[in-house]
Structures are given as structure tokens and as C-alpha cells.
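Trainee: Just dropping this structure here.
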There are 2 protein chains.
Amino acid sequence: MADVTIACCAPIAREPLSESAAAEMATLLKAVADPVRLRLLSMIGSHAGGETCVCDLTDAFNLTAPTISHHLKVLRTAGLIDSERRGTWVYYWIVPAVVAKLGALFTPLAEPASAGPVDVGLVTV
Amino acid sequence: MADVTIACCAPIAREPLSESAAAEMATLLKAVADPVRLRLLSMIGSHAGGETCVCDLTDAFNLTAPTISHHLKVLRTAGLIDSERRGTWVYYWIVPAVVAKLGALFTPLAEPASAGPVDVGLVTV
DNA sequence: CGGCTGATTAGAGATTCGTCTAATCAAGCT
DNA sequence: AGCTTGATTAGACGAATCTCTAATCAGCCG
């Protein structure tokens with residue numbers, strides 16, 4: 001049972017975000033607020049095996065390798081993904097806990113009253 | 001403390017976003033990827049009655065009125081909020097359907113099999 | 001070793017963004 | 001009408017962002 005207890009703050013519609021919470025979430029959101037990075041994140045996240053080689057990513061865009069590298073760094077700095085070099089290639093994977101923070105910020109809005117113990121609590125990080 | 005069991009993936013991790021879907025979501029995310037706008041959105045969204053007067057918003061920040069107005073416009077242009085003038089004051093409220101799009105992007109795909117059809121996939125383009 | 005492929009870092013150029021001041025629009029006074 | 005208060009628009013300016021080319025780092029193999 002995926003009990004999502006992460007999240008740094010209450011969902012957006014429950015109570016006003018504190019200044020610091022807003023700043024923290026904004027940096028996370030900024031990392032994702034780019035078409036290329038969004039696609040990168042979804043490619044990495046949806047890749048079978050949970051890992052993706054950079055070499056597979058660069059080919060999917062009409063951008064130079066350094067540019068892709070830059071976007072990956074932004075995502076990694078934000079904590080949304082992590083990476084490791086294995087021999088010649090570098091592999092990236094998603095960090096679900098951090099991605100879940102983003103979802104927790106917005107979801108309770110639309111969800112039909114979470115029927116279960118899916119407590120998206122206000123546990124701080 | 002926060003045992004992060006989160007399923008394997010968020011919707012973003014279900015399949016790679018198309019280029020157009022990524023672009024659409026990115027514009028939405030960009031609108032929210034700012035501390036001030038995040039706080040504005042949460043203030044409006046959590047306000048009792050569902051509406052908030054601009055006059056209540058400007059006082060909460062150390063920014064000039066035009067700046068707040070600018071941020072509200074960004075949110076409104078993105079479709080996340082809507083507004084109406086009633087007499088002297090202008091009132092803003094949240095548009096839940098659009099905010100939900102953001103949540104749907106990152107929220108874990110609900111519990112394993114038990115719950116079943118928690119359709120989160122309204123990310124149609 | 002020397003060279004080759006994959007990936008990142010460094011730095012530059014153009015665009016976008018956040019904030020401000022000044023000016024304008026809207027509604028309600030006196 | 002003319003003044004006052006609330007809100008937005010217009011324009012300017014510095015900071016941040018995205019992309020590129022050139023250079024550098026890390027493994028592999030002839």
C-alpha cells in the first residue's frame with residue numbers, strides 16, 4: 001500500500017503556504033517547469049527497469065548533448081532524479097519521494113475524498 | 001517518520017509525455033513555479049468561501065500592488081484562477097479542474113489493485 | 001600509450017522573468 | 001463634476017534561463 005507520507009506541506013487548497021514552504025516548492029516546480037525537463041523526467045520515470053542511459057535520452061531531442069546534460073543536472077540538483085556512472089555510460093533514475101511532493105501539493109483538490117488511509121499528511125521533511 | 005513506500009511511479013512515470021503534452025504542462029507549471037504565485041494560489045484556494053479579495057492579498061506580501069496584479073494575471077492566463085469585479089473590489093477564485101491537472105501529473109497512481117480505477121489520466125492534449 | 005566515444009563543465013549570447021515607478025481605468029464618494 | 005481609493009496596464013531595468021560552441025573529464029580498446 002503506497003502510503004504517501006512525504007510532502008513538506010499541506011496541499012495548496014488546505015491552508016496558505018508559509019513563505020519558506022512556498023520557496024521550497026517553487027524551486028522544485030521550477031525544475032520541472034520546462035518542456036524538455038518534463039519529457040526527460042517522464043522518459044526516465046517510465047523506462048522499463050527504472051533506469052535510463054543518457055545515451056538514450058540525447059537522441060530523443062533535437063538538442064545538443066550539453067544541453068541535455070544541463071537539464072539533467074537541474075533535475076538532479078532539485079533531487080528529482082539521481083544518477084550513477086557504470087563503465088562508459090551514465091544511468092539516471094527517478095526519486096519517487098521527491099516527485100510525490102509535487103503531487104501532494106495539488107492532488108487533494110480533485111481526489112474524491114481519499115477513501116482509504118492514504119494520508120497525505122503534513123509531515124515535514 | 002515518513003515511510004516512503006510510494007508505489008513505483010507517478011503518472012509522469014507511466015509513459016513518456018508527448019512533445020505537445022509536455023509543452024502544455026510546462027506552461028501550467030511555469031505559472032506555479034514562483035514562490036509568490038504559489039502563496040497567492042494557496043491563499044485563494046484555502047480562503048473560506050472560495051473567494052478572495054485582491055485587497056487581502058496585496059497586504060500579505062512585501063510587494064507593490066502592480067507586482068501582485070502581475071502575478072495574478074499570470075495565474076489567470078494559465079487558467080488556474082478566475083476573477084470578477086464586484087463594485088469596488090475584485091475577487092479571485094481557484095479553478096479546481098486546472099489545478100487538478102498538475103496533481104494528476106505527479107500523484108502516485110493510487111494504491112495497487114484494490115482501489116482500481118482511480119482515473120488520473122486527464123492529461124489529454 | 002594514443003585515440004575514440006560518451007558525458008559533463010565553462011563560458012557566451014539572446015530571451016524571458018520579476019520587480020519597480022508612472023500612468024490609466026473603475027467605482028464610489030462629497 | 002471632481003476627488004479618492006482600489007486595481008490594472010505600460011514601460012524600464014537587472015537577474016535568471018536556455019541554448020549553443022569549445023574545452024575537459026572518464027572509460028574503453030587497438
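Order determines the names: the first chain of the C-alpha cells is A, the second B, and so forth; residues in each chain are numbered 1 upward, and ligands are numbered 1 upward as they are shown.
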Compute the chain C side of the contact with chain B at 9 Å, counting only C-alpha atoms (C1' of nucleotides), and hand it back as a VMD selection string.
Mentor: chain C and resid 18 to 20 26 to 28
Trainee: Keeping C-alpha atoms (C1' of nucleotides), export the residues of the selection given above as an mmCIF file, in the first residue's frame.
Mentor:
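Generated file (selection_35.cif):
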data_model
loop_
_atom_site.group_PDB
_atom_site.id
_atom_site.type_symbol
_atom_site.label_atom_id
_atom_site.label_comp_id
_atom_site.auth_asym_id
_atom_site.auth_seq_id
_atom_site.Cartn_x
_atom_site.Cartn_y
_atom_site.Cartn_z
ATOM 1 C "C1'" DG C 18 10.291 39.572 -11.608
ATOM 2 C "C1'" DT C 19 10.068 43.882 -9.767
ATOM 3 C "C1'" DC C 20 9.600 48.659 -9.731
ATOM 4 C "C1'" DA C 26 -13.332 51.724 -12.443
ATOM 5 C "C1'" DA C 27 -16.341 52.623 -8.937
ATOM 6 C "C1'" DG C 28 -17.926 55.174 -5.175
#
Trainee: If you run DSSP on the backbone, which residues of stretch 3-114 of chain B are helix (DSSP H, G or I), as a ChimeraX atom specification?
Mentor: /B:11-13,19-32,35-46,54-58,65-78,96-106
Trainee: Find the nearest atom pair between each residue of chain B and chain A for residues within 6 Å, count only C-alpha atoms, give distances in Å to one decimal, sort rows by chain and ascending number, and present the table as a tab-separated table.
Mentor:
residue	atom	partner	partner_atom	distance
B:Ala2	CA	A:Thr5	CA	4.9
B:Thr5	CA	A:Ala2	CA	5.2
B:Ile6	CA	A:Ala2	CA	4.5
B:Ala7	CA	A:Ala2	CA	5.2
B:Ile12	CA	A:Ser42	CA	4.9
B:Ala13	CA	A:Gly45	CA	4.1
B:Arg14	CA	A:Ser46	CA	5.0
B:Glu15	CA	A:Ser46	CA	5.0
B:Pro16	CA	A:Met43	CA	4.8
B:Leu17	CA	A:Arg39	CA	5.6
B:Ala22	CA	A:Pro35	CA	4.9
B:Ala23	CA	A:Pro35	CA	4.9
B:Ala26	CA	A:Ala33	CA	4.8
B:Leu29	CA	A:Ala33	CA	4.9
B:Lys30	CA	A:Ala33	CA	4.9
B:Ala33	CA	A:Ala26	CA	4.8
B:Asp34	CA	A:Ala26	CA	5.1
B:Pro35	CA	A:Ala22	CA	5.0
B:Arg39	CA	A:Leu17	CA	5.5
B:Ser42	CA	A:Ile12	CA	4.6
B:Met43	CA	A:Pro16	CA	4.8
B:Gly45	CA	A:Ala13	CA	4.4
B:Ser46	CA	A:Ala13	CA	4.4
B:Ala100	CA	A:Ala110	CA	5.4
B:Gly103	CA	A:Thr107	CA	4.3
B:Phe106	CA	A:Gly103	CA	4.4
B:Thr107	CA	A:Gly103	CA	4.2
B:Glu111	CA	A:Met1	CA	5.7
Trainee: Where does DSSP see strand (DSSP E or B) in stretch 30-115 of chain B, if you list the residues as an MDAnalysis selection string?
Mentor: chainID B and resid 52:53 81:86 89:94
Trainee: Taking 2 positions as the minimum chain separation for residues in the same chain, which residues sit within 9 Å of B:Tyr91 when counting only C-alpha atoms (C1' of nucleotides)? Answer as an mmCIF file with N, CA, C and O atoms, in the first residue's frame.
Mentor:
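New file part-v2.cif:
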data_model
loop_
_atom_site.group_PDB
_atom_site.id
_atom_site.type_symbol
_atom_site.label_atom_id
_atom_site.label_comp_id
_atom_site.auth_asym_id
_atom_site.auth_seq_id
_atom_site.Cartn_x
_atom_site.Cartn_y
_atom_site.Cartn_z
ATOM 1 N N GLU B 51 -13.597 32.529 -2.290
ATOM 2 C CA GLU B 51 -13.175 33.740 -2.984
ATOM 3 C C GLU B 51 -12.248 34.564 -2.108
ATOM 4 O O GLU B 51 -12.330 34.514 -0.894
ATOM 5 N N THR B 52 -11.421 35.322 -2.774
ATOM 6 C CA THR B 52 -10.518 36.202 -2.031
ATOM 7 C C THR B 52 -10.452 37.548 -2.730
ATOM 8 O O THR B 52 -10.333 37.621 -3.946
ATOM 9 N N CYS B 53 -10.534 38.578 -1.949
ATOM 10 C CA CYS B 53 -10.427 39.935 -2.482
ATOM 11 C C CYS B 53 -8.950 40.256 -2.692
ATOM 12 O O CYS B 53 -8.107 39.897 -1.873
ATOM 13 N N VAL B 54 -8.686 40.909 -3.781
ATOM 14 C CA VAL B 54 -7.308 41.292 -4.064
ATOM 15 C C VAL B 54 -6.735 42.112 -2.916
ATOM 16 O O VAL B 54 -5.567 41.974 -2.555
ATOM 17 N N CYS B 55 -7.583 42.915 -2.337
ATOM 18 C CA CYS B 55 -7.122 43.780 -1.252
ATOM 19 C C CYS B 55 -6.541 42.980 -0.094
ATOM 20 O O CYS B 55 -5.641 43.446 0.604
ATOM 21 N N ASP B 82 -9.677 32.445 -11.643
ATOM 22 C CA ASP B 82 -10.536 33.321 -12.420
ATOM 23 C C ASP B 82 -10.952 34.473 -11.507
ATOM 24 O O ASP B 82 -10.808 34.385 -10.297
ATOM 25 N N SER B 83 -11.447 35.532 -12.118
ATOM 26 C CA SER B 83 -11.744 36.698 -11.300
ATOM 27 C C SER B 83 -12.987 37.426 -11.778
ATOM 28 O O SER B 83 -13.464 37.217 -12.901
ATOM 29 N N GLU B 84 -13.476 38.268 -10.926
ATOM 30 C CA GLU B 84 -14.650 39.065 -11.263
ATOM 31 C C GLU B 84 -14.616 40.322 -10.418
ATOM 32 O O GLU B 84 -14.207 40.298 -9.263
ATOM 33 N N ARG B 85 -15.032 41.402 -11.014
ATOM 34 C CA ARG B 85 -15.092 42.649 -10.261
ATOM 35 C C ARG B 85 -16.510 42.840 -9.746
ATOM 36 O O ARG B 85 -17.479 42.713 -10.485
ATOM 37 N N ARG B 86 -16.603 43.118 -8.459
ATOM 38 C CA ARG B 86 -17.928 43.399 -7.874
ATOM 39 C C ARG B 86 -17.826 44.716 -7.131
ATOM 40 O O ARG B 86 -17.329 44.776 -6.025
ATOM 41 N N TRP B 89 -14.291 46.215 -5.431
ATOM 42 C CA TRP B 89 -13.250 45.201 -5.304
ATOM 43 C C TRP B 89 -13.304 44.104 -6.350
ATOM 44 O O TRP B 89 -14.342 43.828 -6.956
ATOM 45 N N TRP B 93 -10.903 33.445 -7.555
ATOM 46 C CA TRP B 93 -11.146 32.102 -7.031
ATOM 47 C C TRP B 93 -10.395 31.099 -7.888
ATOM 48 O O TRP B 93 -9.974 31.399 -9.001
#
Trainee: Of the candidates D:DA15, D:DC29, D:DA1, D:DA22, which shows the shortest atom-to-atom distance to C:DC17, using only C-alpha atoms (C1' of nucleotides)?
Mentor: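 Among D:DA15, D:DC29, D:DA1, D:DA22, it is D:DA15 that comes nearest to C:DC17.
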Trainee: Could you please tell me, as a list of chain:residue names, which residues of chain D have an atom within 12 Å of chain B when using only C-alpha atoms (C1' of nucleotides)?
Mentor: D:DT5, D:DG6, D:DA7, D:DT8, D:DT9, D:DA10
Trainee: Please report the interatomic distance between atom CA of B:Thr77 and atom CA of B:Leu57 in Å with one decimal.
Mentor: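 So the answer is 18.1 Å.
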